[in-house]
Every structure is written in C-alpha cells, then in structure tokens.
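Structure file protein-v3.txt with compact mmCIF, C-alpha atoms:
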```txt
# COMPACT_ATOMS: atom_id res chain seq x y z
CA MET A 30 -60.08 33.35 125.18
CA ARG A 31 -63.33 34.62 123.70
CA GLY A 32 -65.27 32.94 126.52
CA LEU A 33 -62.99 34.43 129.16
CA LEU A 34 -63.51 37.92 127.80
CA GLU A 35 -67.27 37.42 127.81
CA ASP A 36 -67.33 36.02 131.37
CA ALA A 37 -65.22 38.97 132.56
CA GLY A 38 -67.57 41.48 130.95
CA LEU A 39 -64.94 42.61 128.46
CA ASP A 40 -65.50 43.49 124.82
CA TRP A 41 -65.13 40.10 123.15
CA ARG A 42 -67.17 41.10 120.09
CA GLY A 43 -64.85 44.03 119.46
CA ALA A 44 -61.83 41.76 119.86
CA LEU A 45 -63.15 39.38 117.22
CA ALA A 46 -64.06 42.22 114.89
CA GLU A 47 -60.61 43.81 115.21
CA ALA A 48 -59.06 40.43 114.36
CA ASP A 49 -61.41 40.04 111.35
CA ILE A 50 -62.93 36.86 112.81
CA ASP A 51 -66.60 36.11 112.22
CA ILE A 52 -68.47 35.56 115.49
CA ASP A 53 -70.15 32.42 114.13
CA ALA A 54 -66.77 30.90 113.24
CA VAL A 55 -65.78 30.63 116.90
CA ASN A 56 -68.43 28.04 117.72
CA ARG A 57 -68.39 26.23 114.39
CA PRO A 58 -67.68 22.48 114.92
CA GLY A 59 -64.32 21.61 113.41
CA GLY A 60 -63.73 25.23 112.46
CA THR A 61 -60.26 26.70 112.16
CA ILE A 62 -58.87 30.23 112.25
CA PRO A 63 -56.00 31.32 109.97
CA ALA A 64 -52.73 31.91 111.81
CA ARG A 65 -52.70 35.66 111.11
CA LYS A 66 -56.20 36.04 112.59
CA GLU A 67 -55.26 33.93 115.61
CA LEU A 68 -52.28 36.22 116.22
CA ALA A 69 -54.44 39.30 115.77
CA PHE A 70 -56.98 37.99 118.27
CA GLN A 71 -54.28 37.17 120.81
CA LEU A 72 -53.11 40.79 120.55
CA GLN A 73 -56.68 41.97 121.13
CA PHE A 74 -57.05 39.62 124.10
CA VAL A 75 -53.85 40.91 125.70
CA ALA A 76 -54.81 44.54 125.07
CA ARG A 77 -58.06 43.99 126.99
CA THR A 78 -56.53 42.02 129.89
CA ARG A 79 -53.26 43.80 130.70
CA ASP A 80 -54.17 44.01 134.40
CA ARG A 81 -55.83 40.58 134.57
CA VAL A 82 -53.07 38.00 134.81
CA ASP A 83 -55.63 35.69 136.37
CA LEU A 84 -57.36 35.57 132.98
CA TRP A 85 -54.02 34.83 131.30
CA ILE A 86 -53.57 31.83 133.58
CA GLN A 87 -57.09 30.60 132.85
CA ALA A 88 -56.45 30.93 129.13
CA ALA A 89 -53.11 29.16 129.49
CA ARG A 90 -54.85 26.24 131.19
CA ALA A 91 -57.06 25.85 128.11
CA TYR A 92 -54.03 25.10 125.92
CA THR A 93 -53.69 21.34 126.06
CA LEU A 94 -51.74 18.64 124.26
CA SER A 95 -53.71 18.35 121.04
CA SER A 96 -54.92 14.90 120.03
CA MET A 97 -56.11 16.15 116.64
CA GLY A 98 -54.24 14.94 113.60
CA ASP A 99 -51.14 12.82 113.14
CA ARG A 100 -48.83 15.23 114.95
CA GLY A 101 -51.02 15.39 118.03
CA MET A 102 -51.23 11.60 118.18
CA ALA A 103 -47.45 11.36 117.84
CA LEU A 104 -47.08 13.68 120.84
CA LEU A 105 -49.65 11.77 122.87
CA THR A 106 -47.91 8.44 122.29
CA ALA A 107 -44.34 9.61 122.96
CA PRO A 108 -42.60 6.77 124.86
CA THR A 109 -40.28 9.13 126.77
CA VAL A 110 -39.91 12.82 127.51
CA GLU A 111 -36.84 12.76 125.25
CA ALA A 112 -39.03 11.61 122.36
CA TRP A 113 -41.69 14.22 123.15
CA VAL A 114 -39.19 17.10 123.31
CA THR A 115 -37.50 15.94 120.10
CA LEU A 116 -40.82 16.08 118.26
CA VAL A 117 -41.83 19.43 119.77
CA CYS A 118 -38.48 20.95 118.80
CA THR A 119 -38.55 19.68 115.21
CA THR A 120 -42.15 20.39 114.23
CA ASP A 121 -44.48 23.36 114.38
CA VAL A 122 -47.00 22.86 117.19
CA GLY A 123 -49.25 25.38 115.54
CA TYR A 124 -50.02 28.26 117.88
CA GLY A 125 -46.72 29.97 118.66
CA LEU A 126 -44.14 32.16 116.95
CA HIS A 127 -41.40 31.01 119.27
CA ASP A 128 -38.34 28.86 118.70
CA ILE A 129 -37.87 25.77 120.89
CA GLU A 130 -34.60 24.08 121.75
CA PRO A 131 -33.65 21.27 124.17
CA LEU A 132 -31.41 21.95 127.15
CA ARG A 133 -28.82 19.24 127.87
CA THR A 134 -26.25 18.36 130.48
CA PRO A 135 -22.54 18.39 129.53
CA GLU A 136 -22.92 14.64 128.98
CA GLY A 137 -25.72 15.22 126.48
CA THR A 138 -28.68 14.12 128.61
CA LEU A 139 -31.88 16.10 128.13
CA THR A 140 -32.54 18.23 131.20
CA GLY A 141 -34.90 20.97 130.03
CA ILE A 142 -36.41 23.05 127.27
CA GLU A 143 -35.82 26.63 126.12
CA LEU A 144 -38.21 28.93 124.28
CA SER A 145 -37.15 32.16 122.60
CA TYR A 146 -39.55 34.84 121.40
CA ARG A 147 -37.63 36.75 118.74
CA SER A 148 -40.56 36.71 116.28
CA VAL A 149 -43.27 37.55 118.82
CA PRO A 150 -44.62 41.12 119.04
CA ALA A 151 -43.24 42.72 122.22
CA GLU A 152 -46.69 43.36 123.68
CA LEU A 153 -47.55 39.67 123.31
CA VAL A 154 -44.44 38.21 124.98
CA PRO A 155 -45.65 38.23 128.64
CA TRP A 156 -48.88 36.42 127.72
CA ALA A 157 -46.99 33.98 125.51
CA VAL A 158 -44.56 33.17 128.33
CA TYR A 159 -47.37 32.41 130.79
CA ARG A 160 -49.21 30.33 128.18
CA ASP A 161 -46.18 28.29 127.14
CA PHE A 162 -44.95 27.71 130.67
CA CYS A 163 -48.34 26.43 131.86
CA TRP A 164 -48.80 24.30 128.74
CA ILE A 165 -45.42 22.59 129.10
CA VAL A 166 -45.71 22.03 132.85
CA ARG A 167 -49.23 20.63 132.62
CA THR A 168 -48.47 18.46 129.61
CA LEU A 169 -45.32 16.88 131.02
CA SER A 170 -47.04 16.24 134.36
CA TRP A 171 -49.90 14.53 132.52
CA LEU A 172 -47.55 12.39 130.43
CA TYR A 173 -45.57 11.49 133.56
CA ASP A 174 -48.80 10.62 135.43
CA GLU A 175 -47.42 12.14 138.63
CA PRO A 176 -45.78 15.40 139.69
CA PHE A 177 -43.00 16.04 137.20
CA PRO A 178 -39.55 16.64 138.75
CA PHE A 179 -39.01 20.23 137.60
CA THR A 180 -35.98 21.80 139.24
CA ARG A 181 -35.99 25.45 138.19
CA ALA A 182 -37.41 27.98 135.77
CA GLU A 183 -36.01 31.16 134.22
CA PHE A 184 -38.44 33.78 132.88
CA PRO A 185 -37.77 36.57 130.35
CA LEU A 186 -39.94 38.87 132.47
CA ALA A 187 -39.23 41.42 135.19
CA GLU A 188 -41.45 39.57 137.66
CA ILE A 189 -43.88 36.66 137.90
CA SER A 190 -47.42 36.92 139.23
CA ALA A 191 -48.42 34.93 142.29
CA GLU A 192 -51.28 33.55 140.17
CA ILE A 193 -48.81 31.07 138.66
CA SER A 194 -47.31 29.91 141.95
CA THR A 195 -48.89 26.44 141.84
CA TYR A 196 -46.98 25.68 138.63
CA LEU A 197 -43.57 26.92 139.74
CA PRO A 198 -40.64 24.71 140.76
CA SER A 199 -38.66 25.53 143.90
CA SER A 200 -36.08 27.66 142.07
CA VAL A 201 -37.32 30.59 139.98
CA SER A 202 -35.53 33.60 138.52
CA CYS A 203 -36.62 36.49 136.30
CA GLY A 204 -34.82 38.68 133.80
CA SER A 205 -33.40 35.91 131.62
CA GLU A 206 -33.15 36.25 127.83
CA ASN A 207 -35.48 33.29 127.14
CA LEU A 208 -37.93 31.04 128.95
CA ARG A 209 -36.05 28.03 130.31
CA ILE A 210 -37.59 25.13 132.20
CA TRP A 211 -35.27 22.58 133.82
CA TRP A 212 -35.90 19.13 135.30
CA ASP A 213 -34.14 16.09 136.71
CA PRO A 214 -32.27 14.51 133.75
CA ALA A 215 -33.37 11.03 134.85
CA ALA A 216 -36.98 11.95 133.97
CA SER A 217 -36.09 12.36 130.30
CA THR A 218 -35.49 8.67 129.64
CA ARG A 219 -38.05 7.13 131.98
CA GLU A 220 -40.72 5.14 130.16
CA LEU A 221 -43.98 7.09 130.12
CA PRO A 222 -47.11 5.23 131.29
CA PHE A 223 -49.22 6.28 128.29
CA GLY A 224 -46.44 6.06 125.71
CA ASN A 225 -46.13 3.55 122.88
CA ALA A 226 -42.94 3.56 120.81
CA PHE A 227 -44.46 1.73 117.85
CA GLN A 228 -47.51 3.98 117.62
CA HIS A 229 -45.31 7.05 118.15
CA GLU A 230 -43.11 6.19 115.18
CA THR A 231 -46.12 5.25 113.07
CA TRP A 232 -47.78 8.61 113.68
CA ILE A 233 -44.52 10.44 112.96
CA LYS A 234 -44.18 8.65 109.63
CA SER A 235 -47.80 9.39 108.80
CA GLU A 236 -47.37 13.07 109.72
CA SER A 237 -44.30 13.40 107.51
CA ARG A 238 -45.69 11.64 104.45
CA ILE A 239 -46.53 14.91 102.68
CA ILE A 240 -43.03 16.26 103.32
CA ASP A 241 -41.41 13.07 102.07
CA ALA A 242 -43.50 13.13 98.89
CA LEU A 243 -42.59 16.75 98.28
CA ARG A 244 -38.89 16.12 98.72
CA ALA A 245 -39.08 13.18 96.34
CA SER A 246 -40.97 14.98 93.58
CA GLY A 247 -40.32 18.67 94.11
CA ASP A 248 -43.91 19.24 92.92
CA TRP A 249 -45.16 22.01 95.18
CA SER A 250 -48.57 22.24 93.50
CA ALA A 251 -49.20 18.53 94.03
CA ALA A 252 -48.00 18.75 97.64
CA VAL A 253 -50.38 21.62 98.36
CA ALA A 254 -53.27 19.75 96.73
CA LYS A 255 -52.49 16.66 98.78
CA ALA A 256 -52.34 18.66 102.02
CA ILE A 257 -55.74 20.16 101.28
CA ARG A 258 -57.32 16.84 100.29
CA ASP A 259 -55.91 15.10 103.38
CA ALA A 260 -57.39 17.66 105.79
CA PRO A 261 -59.70 20.12 103.99
CA GLN A 262 -61.31 21.32 107.22
CA TYR A 263 -57.91 22.53 108.49
CA ASN A 264 -55.94 23.31 105.33
CA ARG A 265 -58.24 25.78 103.61
CA ASN A 266 -55.84 28.68 104.15
CA LEU A 267 -52.29 29.38 103.07
CA GLU A 268 -50.86 29.65 106.59
CA ASN A 269 -52.03 26.19 107.67
CA VAL A 270 -50.84 24.49 104.49
CA ALA A 271 -47.46 26.22 104.80
CA ALA A 272 -47.17 24.90 108.36
CA ALA A 273 -48.10 21.38 107.17
CA LEU A 274 -45.33 21.59 104.57
CA HIS A 275 -42.83 23.00 107.10
CA THR A 276 -42.27 26.22 105.22
CA SER A 277 -43.35 29.86 105.46
CA PRO A 278 -46.42 31.28 103.67
CA ARG A 279 -44.20 33.65 101.67
CA THR A 280 -41.89 30.84 100.55
CA LEU A 281 -44.84 28.67 99.57
CA GLN A 282 -46.38 31.49 97.52
CA ARG A 283 -43.06 32.00 95.75
CA LYS A 284 -42.68 28.29 94.99
CA LEU A 285 -46.20 28.09 93.57
CA ALA A 286 -45.65 31.21 91.45
CA LEU A 287 -42.67 29.50 89.81
CA THR A 288 -45.03 26.75 88.63
CA GLY A 289 -47.52 29.25 87.22
CA SER A 290 -50.16 28.53 89.85
CA ASN A 291 -51.34 30.08 93.09
CA PHE A 292 -52.79 28.83 96.34
CA ALA A 293 -56.36 29.97 95.71
CA GLN A 294 -56.52 28.12 92.39
CA ILE A 295 -55.18 24.88 93.89
CA ARG A 296 -57.48 25.15 96.91
CA ASP A 297 -60.60 25.74 94.84
CA GLN A 298 -59.76 22.90 92.44
CA SER A 299 -59.02 20.50 95.31
CA LEU A 300 -62.23 21.39 97.13
CA THR A 301 -64.19 21.17 93.87
CA ASP A 302 -62.88 17.67 93.21
CA LEU A 303 -63.53 16.55 96.78
CA ALA A 304 -67.04 17.99 96.85
CA SER A 305 -67.90 16.47 93.47
CA GLU A 306 -66.67 13.04 94.58
CA MET A 307 -68.62 13.17 97.84
CA LEU A 308 -71.81 14.35 96.15
CA SER A 309 -71.68 11.70 93.42
CA LYS A 310 -70.26 8.75 95.36
CA THR A 311 -71.65 9.08 98.90
CA GLY A 312 -75.01 9.64 100.49
CA HIS A 313 -73.68 12.28 102.88
CA SER A 314 -75.93 15.28 103.35
CA VAL A 315 -74.89 18.65 101.96
CA GLY A 316 -74.53 19.85 105.55
CA ARG A 317 -72.09 17.07 106.41
CA ILE A 318 -70.07 17.62 103.25
CA SER A 319 -69.87 21.35 103.94
CA ARG A 320 -68.57 20.66 107.47
CA GLU A 321 -66.00 18.15 106.28
CA LEU A 322 -64.73 20.69 103.77
CA GLY A 323 -64.45 23.35 106.48
CA TYR A 324 -67.33 25.67 105.58
CA ILE A 325 -69.13 27.73 108.18
CA ASP A 326 -72.55 26.52 107.03
CA PRO A 327 -74.21 24.71 104.08
CA ALA A 328 -75.21 28.03 102.51
CA SER A 329 -71.58 29.12 102.22
CA PHE A 330 -70.65 25.79 100.66
CA THR A 331 -73.58 26.00 98.21
CA ILE A 332 -72.49 29.44 97.05
CA ALA A 333 -68.91 28.24 96.52
CA PHE A 334 -69.95 25.05 94.72
CA LYS A 335 -72.29 26.96 92.41
CA ARG A 336 -69.39 29.26 91.54
CA TRP A 337 -67.21 26.25 90.73
CA LYS A 338 -69.70 24.08 88.85
CA GLY A 339 -72.44 26.46 87.78
CA VAL A 340 -75.13 24.50 89.64
CA PRO A 341 -76.03 23.98 93.34
CA PRO A 342 -74.78 20.80 95.11
CA LYS A 343 -78.20 19.12 95.12
CA ALA A 344 -78.65 19.68 91.39
CA TYR A 345 -75.16 18.30 90.73
CA ARG A 346 -75.93 15.20 92.81
CA GLU A 347 -79.22 14.61 90.99
CA ALA A 348 -77.51 14.95 87.61
CA ALA A 349 -74.75 12.53 88.64
CA GLN A 350 -77.28 9.99 89.88
CA TYR A 351 -79.35 10.34 86.69
CA LYS A 352 -76.25 9.87 84.53
CA LYS A 353 -75.23 6.78 86.45
CA ALA A 354 -78.73 5.27 86.24
CA HIS A 355 -79.03 5.87 82.49
CA THR A 356 -75.54 5.00 81.32
CA PRO A 357 -75.80 2.21 78.71
CA ASP A 358 -74.45 -1.17 79.74
CA GLU A 359 -71.98 -1.18 76.85
CA TYR A 360 -69.94 1.41 78.72
CA PHE A 361 -69.55 -1.15 81.50
CA PRO A 362 -68.94 -4.49 79.72
CA LYS A 363 -69.34 -7.57 81.85
CA ARG A 364 -66.38 -9.82 82.51
CA PRO A 365 -66.43 -13.08 80.52
CA ALA A 366 -67.66 -16.05 82.48
```
Translate the structure described by the file into structure tokens.
Amino acid sequence: MRGLLEDAGLDWRGALAEADIDIDAVNRPGGTIPARKELAFQLQFVARTRDRVDLWIQAARAYTLSSMGDRGMALLTAPTVEAWVTLVCTTDVGYGLHDIEPLRTPEGTLTGIELSYRSVPAELVPWAVYRDFCWIVRTLSWLYDEPFPFTRAEFPLAEISAEISTYLPSSVSCGSENLRIWWDPAASTRELPFGNAFQHETWIKSESRIIDALRASGDWSAAVAKAIRDAPQYNRNLENVAAALHTSPRTLQRKLALTGSNFAQIRDQSLTDLASEMLSKTGHSVGRISRELGYIDPASFTIAFKRWKGVPPKAYREAAQYKKAHTPDEYFPKRPA
C-alpha cells in the first residue's frame, strides 16, 4: 500500500507518520508491523484513496496466500477446499478484524464462505470487502489450478466498482449484511492439485503446539516466552503473540498480570537469552543476529543488548569466548576409557 501511494503521487510519508510507522521499517527484511499500526495505516491508506478504487484493487491483489510460518504452510498444503475453509475459519489469518464462517447446503456440504465486519471501523469496510473478496477468489483459483466455479457473490456495499468485474461470478447482488461468496458444492471436496493431506495435518499440529502446551500447563508466562523464542522476528509485540495464542491482547495482559509478570519483561528476557546463546554458541554476525531477533538494524540491537547485559554484543561474545578458552579442564572431566 505504501508503494501504491508513492506511485500515485499521494502522501505516503504522512500516512506512515500518522500510523506511527518508521519509514525504514517498511523495507526492513523480515520486518513486521504491530496489528494496531497496520490498522492505523490501512485507515490512512483509505482516507487518501477514497476516489481511487483502482488502487484498492491493486492493493487487494497484493494480498496473497502466505507461505510464511506453520499456518501459511498448512493453508498451502490443504488437500481440499473444505480443509482450507475449515482452517481459515478456525484460525486468525492475521490481517483482518472480520469473522469468517462457512456456508453450507441443507445437506451440510460446503458451498461458500461468509465474512462479517462487526469489528471493523465503518470507514474501512468498503476497502476490506474489496481486499477480502479478491484475496479469496484469487487464492481458491490458484489452489484449484483452473477457474474456480464461483456461482454468486453478495456484497455489504451499495454498489460495486467495474474495476472488480474480472473477479465477479455471473450472479452479483449488493446491499447484503455480510460478504458472501458461493460456489458449486462439488468443488469443496475435489482433491486439490497442490494439496497434501499428510503435510497439511503435520503443519496444523506444528502450528497448534504452543496452544496445546498452554492448555496442558496453564502457564501463560511460559507460553508467551515460547512464542517469542519460536519466532522472535514476528512475535516481538503483544498483538502478534496474542494472535499466536488465539486470544486477545487485553486478555493476555490480564492473564500475565495474574502471574505477577508483564509482556515487556518476558519479551526482554526471552530476547536476552536468545541473543546471549547466539553470541556465545554461534559464529553469526551481529547484523544477522539482530535481523533474526527482529531489530531494524544492528545499532538498535546493540543498544537493547547493552541495556540488558551492560556490555555491547561484541564485548559479550569476546568475554564468552575467553571464558570458554580458559575454563580449567576439571570443570569438564573426561569420560573413563
């Protein structure tokens, strides 16, 4: 969206500033934006493009089926549309505030998908509808590897722009309560050419391992620490960790408060431990370590590490290497022959 604003000669710098997003963060490899800032930037994008539905369509085309992380791989390997919709409806796909439900025939066969926008700011709904419609249509057509048999669509808008005509099925209506997309029920159970049932289930199990551990132990602090350690470049903020744990940021804060801890403390300790391990046990450069931990640049990581440990990363690494080289052998007794 930032690139579209720039290409159209619109104030993309102002949009980022209003959303409290650093300009350098946009192009940072592996960088992430907290959910609240993403929402704020979407609002800024819409405010600057109210009469440019063509830009909305271009932005919608940029939303693709993510292959990042366990959840994305589970979606990519769905063996059927039924399996894909089930996963989409039961997990947070990350960028929307909508609710998603399957549409079924009286016999129970999947025949469509419905999105409601009760939690979306009113001014953002039209853009969200275009984005979600294009994303779903393009994704299902890709998974199907041929034109997907959509039958009709219902839009919660007064009218639909001609810009979206290439995506529309033969039957379209406006003024509905929610966005509904219908298709031939037979398509829901057809084996997808790129699907793999075994891999799909494996990725689902892998994606849910944090949730399972949390349910088994009830230890919210440990679950948060694990989420951060498993994906520090993504889970450096409360919103993303809450999404990974399938809860709301407010609920997560409340759960952590009951244990006498808070998110910032757990995050800093987890990142401190990870950074210390990588500095002392690997030969990775400080730049690589900073990227893997989700920092904008090595300087930002150095400042944070010095705050945690009292010394810069390079000094910590040198001290760890010196300690290892000069540790007496008696601390590491040899095994008897």
For this session: Calculate how many Å separate CA of Ala37 (chain A) from CA of Glu192 (chain A), rounding to one decimal.
Result: 16.8 Å
For this session: Please determine the residues with any atom at most 12 Å from (-36.5, 10.1, 123.1) (coordinates as given in the file, with all atoms listed in the file counting) and report them as a PyMOL selection string.
Result: chain A and resi 104+106-118+131+138-139+216-221+224-226+229-230
For this session: Write out as a list in words the residues lying within 8 Å of Ala254 (chain A), counting all atoms listed in the file and excluding same-chain residues fewer than 5 positions away.
Result: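 The filter keeps Ile295, Arg296 and Ser299 of chain A.
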Problem set entry | Non-local contacts of Asp213 (chain A) (9 Å; all atoms listed in the file; under 2 positions in same chain excluded) as a count of residues only | 11
For this session: Write out as a list in words the residues lying within 9 Å of Glu268 (chain A), counting only C-alpha atoms and excluding same-chain residues fewer than 2 positions away.
Result: Pro63, Ala64, Arg65, Asn264, Arg265, Asn266, Val270, Ala271, Ala272, Ala273, Ser277 and Pro278 of chain A
Could you please take those selected residues and save C-alpha atoms as an mmCIF file, in the coordinates of the input?
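Ended up saving to result-v2.cif:
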```cif
data_model
loop_
_atom_site.group_PDB
_atom_site.id
_atom_site.type_symbol
_atom_site.label_atom_id
_atom_site.label_comp_id
_atom_site.auth_asym_id
_atom_site.auth_seq_id
_atom_site.Cartn_x
_atom_site.Cartn_y
_atom_site.Cartn_z
ATOM 1 C CA PRO A 63 -56.000 31.320 109.970
ATOM 2 C CA ALA A 64 -52.730 31.910 111.810
ATOM 3 C CA ARG A 65 -52.700 35.660 111.110
ATOM 4 C CA ASN A 264 -55.940 23.310 105.330
ATOM 5 C CA ARG A 265 -58.240 25.780 103.610
ATOM 6 C CA ASN A 266 -55.840 28.680 104.150
ATOM 7 C CA VAL A 270 -50.840 24.490 104.490
ATOM 8 C CA ALA A 271 -47.460 26.220 104.800
ATOM 9 C CA ALA A 272 -47.170 24.900 108.360
ATOM 10 C CA ALA A 273 -48.100 21.380 107.170
ATOM 11 C CA SER A 277 -43.350 29.860 105.460
ATOM 12 C CA PRO A 278 -46.420 31.280 103.670
#
```
Problem set entry | Glu47 (chain A) surroundings by all atoms listed in the file, 8 Å radius, close-in-sequence under 6 positions cut, as number ranges by chain | A: 69-70, 73
For this session: Point out the residue among A:Ala76, A:Ile233, A:Ile318, A:Met307 with the least atom-to-atom distance to Arg100 (chain A), counting all atoms listed in the file.
Result: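 Nearest to Arg100 (chain A): A:Ile233.
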Set the distance at 9 Å and use only C-alpha atoms: which residues neighbour Trp41 (chain A) once local chain neighbours fewer than 5 positions away are removed? I'd like the list as a short mmCIF file (atom, residue, chain, number, x, y, z; two decimals) with C-alpha atoms, in the coordinates of the input.
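So around17.cif came out as:
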```cif
data_model
loop_
_atom_site.label_atom_id
_atom_site.label_comp_id
_atom_site.auth_asym_id
_atom_site.auth_seq_id
_atom_site.Cartn_x
_atom_site.Cartn_y
_atom_site.Cartn_z
CA MET A 30 -60.08 33.35 125.18
CA ARG A 31 -63.33 34.62 123.70
CA GLY A 32 -65.27 32.94 126.52
CA LEU A 33 -62.99 34.43 129.16
CA LEU A 34 -63.51 37.92 127.80
CA GLU A 35 -67.27 37.42 127.81
CA ALA A 46 -64.06 42.22 114.89
CA GLN A 73 -56.68 41.97 121.13
CA PHE A 74 -57.05 39.62 124.10
CA ARG A 77 -58.06 43.99 126.99
#
```
For this session: Could you jot down the CA of Arg258 (chain A) to CA of Ser237 (chain A) separation for me, Å, one decimal place?
Result: 15.3 Å
